Amino acid sequence: MQPKTYEDERCQMRAESPKPGVLCSVVSGYATMRCVEMLMKAFDEVARESPGERIDAFHDWEGVRGYAAGVMERYTEWSKLHRDRVHKIHVLVSSRMVAMAISVARLALPYLVGFSDRTEFEKVRFHRSGWLGPSRKGHA
């Protein structure tokens with residue numbers, strides 16, 4: 001998958017696949033519905049390019065301060081429909097509100113793993129993907 005970027009007045013997103021079966025993203029700002037839908041499309045592309053593999057997703061959402069109404073519900077419902085293609089979804093957060101939403105979503109998505117420690121998140125991401133992460137240039 002070629003790297004994907006999306007930006008609107010509230011949200012910046014970059015997603016890429018450093019190797020088959022792995023999706024890595026960085027999202028910052030306020031997660032809008034369109035931003036999350038672009039992320040879901042990136043997952044679908046990685047899944048198409050990795051037939052038979054269960055996908056590991058690594059979402060660096062440390063810079064996400066909030067999200068639009070309906071975003072977490074939409075992402076949770078979409079994730080449930082794709083559960084047969086997911087191995088783990090790892091999410092790094094710093095916002096208490098986003099961390100609470102991740103905790104609630106874990107009730108429906110047991111493969112969702114939340115992180116608040118960047119070092120631990122990056123260690124797990126590197127172990128699975130060999131990816132150190134994107135350049136921070138252009139990301140808030």
# chains A, B, ... in the order shown; residues from 1 in each chain; ligands from 1

$ residues_around --residues "Gly29 in chain A" --least-positions-apart "6" --cutoff "12 Å" --atoms "only C-alpha atoms" --output "PyMOL selection string"
chain A and resi 6-13+35+60-68+94-95+98+139-140

$ select_by_dssp --residues "chain A" --states "strand (DSSP E)" --output "mmCIF file with N, CA and C atoms, in the first residue's frame"
data_model
loop_
_atom_site.group_PDB
_atom_site.id
_atom_site.type_symbol
_atom_site.label_atom_id
_atom_site.label_comp_id
_atom_site.auth_asym_id
_atom_site.auth_seq_id
_atom_site.Cartn_x
_atom_site.Cartn_y
_atom_site.Cartn_z
ATOM 1 N N LYS A 4 -0.924 6.723 2.752
ATOM 2 C CA LYS A 4 -2.140 7.511 2.591
ATOM 3 C C LYS A 4 -2.104 8.660 3.585
ATOM 4 N N THR A 5 -2.516 9.824 3.134
ATOM 5 C CA THR A 5 -2.620 10.962 4.038
ATOM 6 C C THR A 5 -3.994 11.586 3.878
ATOM 7 N N TYR A 6 -4.452 12.181 4.963
ATOM 8 C CA TYR A 6 -5.707 12.913 4.947
ATOM 9 C C TYR A 6 -5.550 14.062 5.932
ATOM 10 N N GLU A 7 -6.066 15.202 5.535
ATOM 11 C CA GLU A 7 -6.033 16.347 6.439
ATOM 12 C C GLU A 7 -7.259 17.207 6.185
ATOM 13 N N CYS A 11 -8.239 17.498 11.656
ATOM 14 C CA CYS A 11 -7.594 16.192 11.803
ATOM 15 C C CYS A 11 -6.491 15.991 10.756
ATOM 16 N N GLN A 12 -5.401 15.363 11.182
ATOM 17 C CA GLN A 12 -4.343 14.952 10.270
ATOM 18 C C GLN A 12 -4.132 13.457 10.456
ATOM 19 N N MET A 13 -4.018 12.731 9.318
ATOM 20 C CA MET A 13 -3.844 11.288 9.375
ATOM 21 C C MET A 13 -2.833 10.857 8.328
ATOM 22 N N ARG A 14 -1.970 9.937 8.723
ATOM 23 C CA ARG A 14 -1.059 9.279 7.785
ATOM 24 C C ARG A 14 -1.122 7.789 8.097
ATOM 25 N N ALA A 15 -1.262 6.984 7.051
ATOM 26 C CA ALA A 15 -1.289 5.533 7.214
ATOM 27 C C ALA A 15 -0.375 4.908 6.184
ATOM 28 N N GLU A 16 0.329 3.864 6.594
ATOM 29 C CA GLU A 16 1.174 3.128 5.669
ATOM 30 C C GLU A 16 1.316 1.691 6.133
ATOM 31 N N VAL A 22 0.467 -5.581 7.990
ATOM 32 C CA VAL A 22 0.663 -4.568 9.036
ATOM 33 C C VAL A 22 0.197 -3.205 8.524
ATOM 34 N N LEU A 23 -0.609 -2.521 9.329
ATOM 35 C CA LEU A 23 -1.026 -1.153 9.059
ATOM 36 C C LEU A 23 -0.558 -0.282 10.213
ATOM 37 N N CYS A 24 0.118 0.801 9.896
ATOM 38 C CA CYS A 24 0.564 1.756 10.913
ATOM 39 C C CYS A 24 -0.017 3.124 10.570
ATOM 40 N N SER A 25 -0.536 3.794 11.583
ATOM 41 C CA SER A 25 -1.093 5.126 11.349
ATOM 42 C C SER A 25 -0.666 6.083 12.449
ATOM 43 N N VAL A 26 -0.699 7.353 12.076
ATOM 44 C CA VAL A 26 -0.527 8.453 13.031
ATOM 45 C C VAL A 26 -1.686 9.400 12.776
ATOM 46 N N VAL A 27 -2.443 9.679 13.822
ATOM 47 C CA VAL A 27 -3.573 10.603 13.724
ATOM 48 C C VAL A 27 -3.396 11.643 14.812
ATOM 49 N N SER A 28 -3.652 12.897 14.461
ATOM 50 C CA SER A 28 -3.579 13.956 15.468
ATOM 51 C C SER A 28 -4.723 14.933 15.264
ATOM 52 N N GLY A 29 -4.978 15.691 16.311
ATOM 53 C CA GLY A 29 -6.052 16.669 16.269
ATOM 54 C C GLY A 29 -7.348 16.102 16.815
ATOM 55 N N TYR A 30 -8.414 16.402 16.123
ATOM 56 C CA TYR A 30 -9.762 16.000 16.514
ATOM 57 C C TYR A 30 -10.265 15.044 15.437
ATOM 58 N N ALA A 31 -10.458 13.784 15.786
ATOM 59 C CA ALA A 31 -10.801 12.753 14.800
ATOM 60 C C ALA A 31 -12.195 12.981 14.232
ATOM 61 N N ILE A 55 -4.485 -9.069 10.130
ATOM 62 C CA ILE A 55 -3.767 -7.796 10.141
ATOM 63 C C ILE A 55 -3.476 -7.331 11.568
ATOM 64 N N ASP A 56 -2.265 -6.819 11.745
ATOM 65 C CA ASP A 56 -1.906 -6.097 12.963
ATOM 66 C C ASP A 56 -1.926 -4.617 12.619
ATOM 67 N N ALA A 57 -2.688 -3.838 13.366
ATOM 68 C CA ALA A 57 -2.749 -2.395 13.167
ATOM 69 C C ALA A 57 -2.114 -1.708 14.370
ATOM 70 N N PHE A 58 -1.332 -0.686 14.082
ATOM 71 C CA PHE A 58 -0.676 0.116 15.112
ATOM 72 C C PHE A 58 -1.085 1.563 14.880
ATOM 73 N N HIS A 59 -1.936 2.090 15.763
ATOM 74 C CA HIS A 59 -2.454 3.440 15.621
ATOM 75 C C HIS A 59 -1.842 4.344 16.689
ATOM 76 N N ASP A 60 -1.013 5.261 16.240
ATOM 77 C CA ASP A 60 -0.439 6.265 17.134
ATOM 78 C C ASP A 60 -1.433 7.420 17.190
ATOM 79 N N TRP A 61 -2.272 7.374 18.196
ATOM 80 C CA TRP A 61 -3.286 8.408 18.392
ATOM 81 C C TRP A 61 -2.940 9.278 19.602
ATOM 82 N N GLU A 62 -1.668 9.329 19.937
ATOM 83 C CA GLU A 62 -1.234 10.134 21.072
ATOM 84 C C GLU A 62 -1.618 11.600 20.890
ATOM 85 N N GLY A 63 -1.655 12.064 19.656
ATOM 86 C CA GLY A 63 -1.994 13.455 19.377
ATOM 87 C C GLY A 63 -3.475 13.714 19.191
ATOM 88 N N VAL A 64 -4.314 12.693 19.356
ATOM 89 C CA VAL A 64 -5.765 12.878 19.222
ATOM 90 C C VAL A 64 -6.312 13.424 20.540
ATOM 91 N N ARG A 65 -6.979 14.559 20.465
ATOM 92 C CA ARG A 65 -7.510 15.207 21.662
ATOM 93 C C ARG A 65 -8.994 14.954 21.863
ATOM 94 N N GLY A 66 -9.666 14.489 20.830
ATOM 95 C CA GLY A 66 -11.094 14.220 20.911
ATOM 96 C C GLY A 66 -11.566 13.682 19.582
ATOM 97 N N TYR A 67 -12.871 13.424 19.491
ATOM 98 C CA TYR A 67 -13.413 12.850 18.267
ATOM 99 C C TYR A 67 -14.854 13.297 18.091
ATOM 100 N N VAL A 86 -8.573 -9.365 11.561
ATOM 101 C CA VAL A 86 -7.752 -8.652 12.544
ATOM 102 C C VAL A 86 -7.049 -9.636 13.474
ATOM 103 N N HIS A 87 -5.755 -9.420 13.651
ATOM 104 C CA HIS A 87 -5.028 -10.139 14.704
ATOM 105 C C HIS A 87 -5.075 -9.294 15.970
ATOM 106 N N LYS A 88 -4.496 -8.097 15.908
ATOM 107 C CA LYS A 88 -4.522 -7.158 17.034
ATOM 108 C C LYS A 88 -4.607 -5.738 16.494
ATOM 109 N N ILE A 89 -5.264 -4.883 17.241
ATOM 110 C CA ILE A 89 -5.249 -3.445 16.986
ATOM 111 C C ILE A 89 -4.623 -2.801 18.208
ATOM 112 N N HIS A 90 -3.466 -2.175 18.013
ATOM 113 C CA HIS A 90 -2.720 -1.528 19.087
ATOM 114 C C HIS A 90 -2.922 -0.021 18.949
ATOM 115 N N VAL A 91 -3.293 0.641 20.038
ATOM 116 C CA VAL A 91 -3.589 2.069 19.977
ATOM 117 C C VAL A 91 -2.853 2.797 21.103
ATOM 118 N N LEU A 92 -2.027 3.766 20.723
ATOM 119 C CA LEU A 92 -1.340 4.628 21.687
ATOM 120 C C LEU A 92 -2.174 5.886 21.870
ATOM 121 N N VAL A 93 -2.527 6.190 23.108
ATOM 122 C CA VAL A 93 -3.341 7.379 23.401
ATOM 123 C C VAL A 93 -2.748 8.154 24.577
ATOM 124 N N LEU A 112 -8.356 -5.505 20.811
ATOM 125 C CA LEU A 112 -7.936 -4.109 20.918
ATOM 126 C C LEU A 112 -7.024 -3.961 22.131
ATOM 127 N N VAL A 113 -5.839 -3.396 21.915
ATOM 128 C CA VAL A 113 -4.852 -3.233 22.987
ATOM 129 C C VAL A 113 -4.520 -1.749 23.106
ATOM 130 N N GLY A 114 -4.763 -1.170 24.270
ATOM 131 C CA GLY A 114 -4.469 0.240 24.499
ATOM 132 C C GLY A 114 -3.113 0.432 25.149
ATOM 133 N N PHE A 115 -2.434 1.490 24.769
ATOM 134 C CA PHE A 115 -1.130 1.858 25.334
ATOM 135 C C PHE A 115 -1.170 3.327 25.739
#

$ atom_distance --atom1 "CA of Val71 in chain A" --atom2 "CA of Glu53 in chain A"
26.5 Å

$ closest_residue --among "A:Ala101, A:Pro20, A:Gly130, A:Ser79" --to "Leu39 in chain A" --atoms "only C-alpha atoms"
A:Ser79

$ closest_residue --among "A:Ala69, A:Ala42, A:Glu122, A:Arg34" --to "Gln2 in chain A" --atoms "only C-alpha atoms"
A:Ala42

$ select_by_dssp --residues "chain A" --states "helix (DSSP H, G or I)" --output "ChimeraX atom specification"
/A:33-49,71-81,83-85,96-105,118-129

$ decode --residues "range 90-113 of chain A" --atoms "C-alpha atoms" --output "short mmCIF file (atom, residue, chain, number, x, y, z; two decimals), in the first residue's frame"
data_model
loop_
_atom_site.label_atom_id
_atom_site.label_comp_id
_atom_site.auth_asym_id
_atom_site.auth_seq_id
_atom_site.Cartn_x
_atom_site.Cartn_y
_atom_site.Cartn_z
CA HIS A 90 -2.72 -1.53 19.09
CA VAL A 91 -3.59 2.07 19.98
CA LEU A 92 -1.34 4.63 21.69
CA VAL A 93 -3.34 7.38 23.40
CA SER A 94 -2.70 10.24 25.79
CA SER A 95 -6.17 11.82 26.02
CA ARG A 96 -8.26 10.54 28.94
CA MET A 97 -11.39 10.78 26.83
CA VAL A 98 -9.88 8.69 24.02
CA ALA A 99 -8.44 6.20 26.54
CA MET A 100 -11.90 5.78 28.08
CA ALA A 101 -13.43 5.19 24.63
CA ILE A 102 -10.78 2.53 23.92
CA SER A 103 -11.59 0.83 27.24
CA VAL A 104 -15.30 0.72 26.37
CA ALA A 105 -14.61 -0.52 22.82
CA ARG A 106 -12.47 -3.36 24.23
CA LEU A 107 -15.66 -4.90 25.63
CA ALA A 108 -16.76 -5.60 22.04
CA LEU A 109 -13.28 -5.92 20.52
CA PRO A 110 -11.09 -8.16 22.69
CA TYR A 111 -8.19 -7.86 20.21
CA LEU A 112 -7.94 -4.11 20.92
CA VAL A 113 -4.85 -3.23 22.99
#
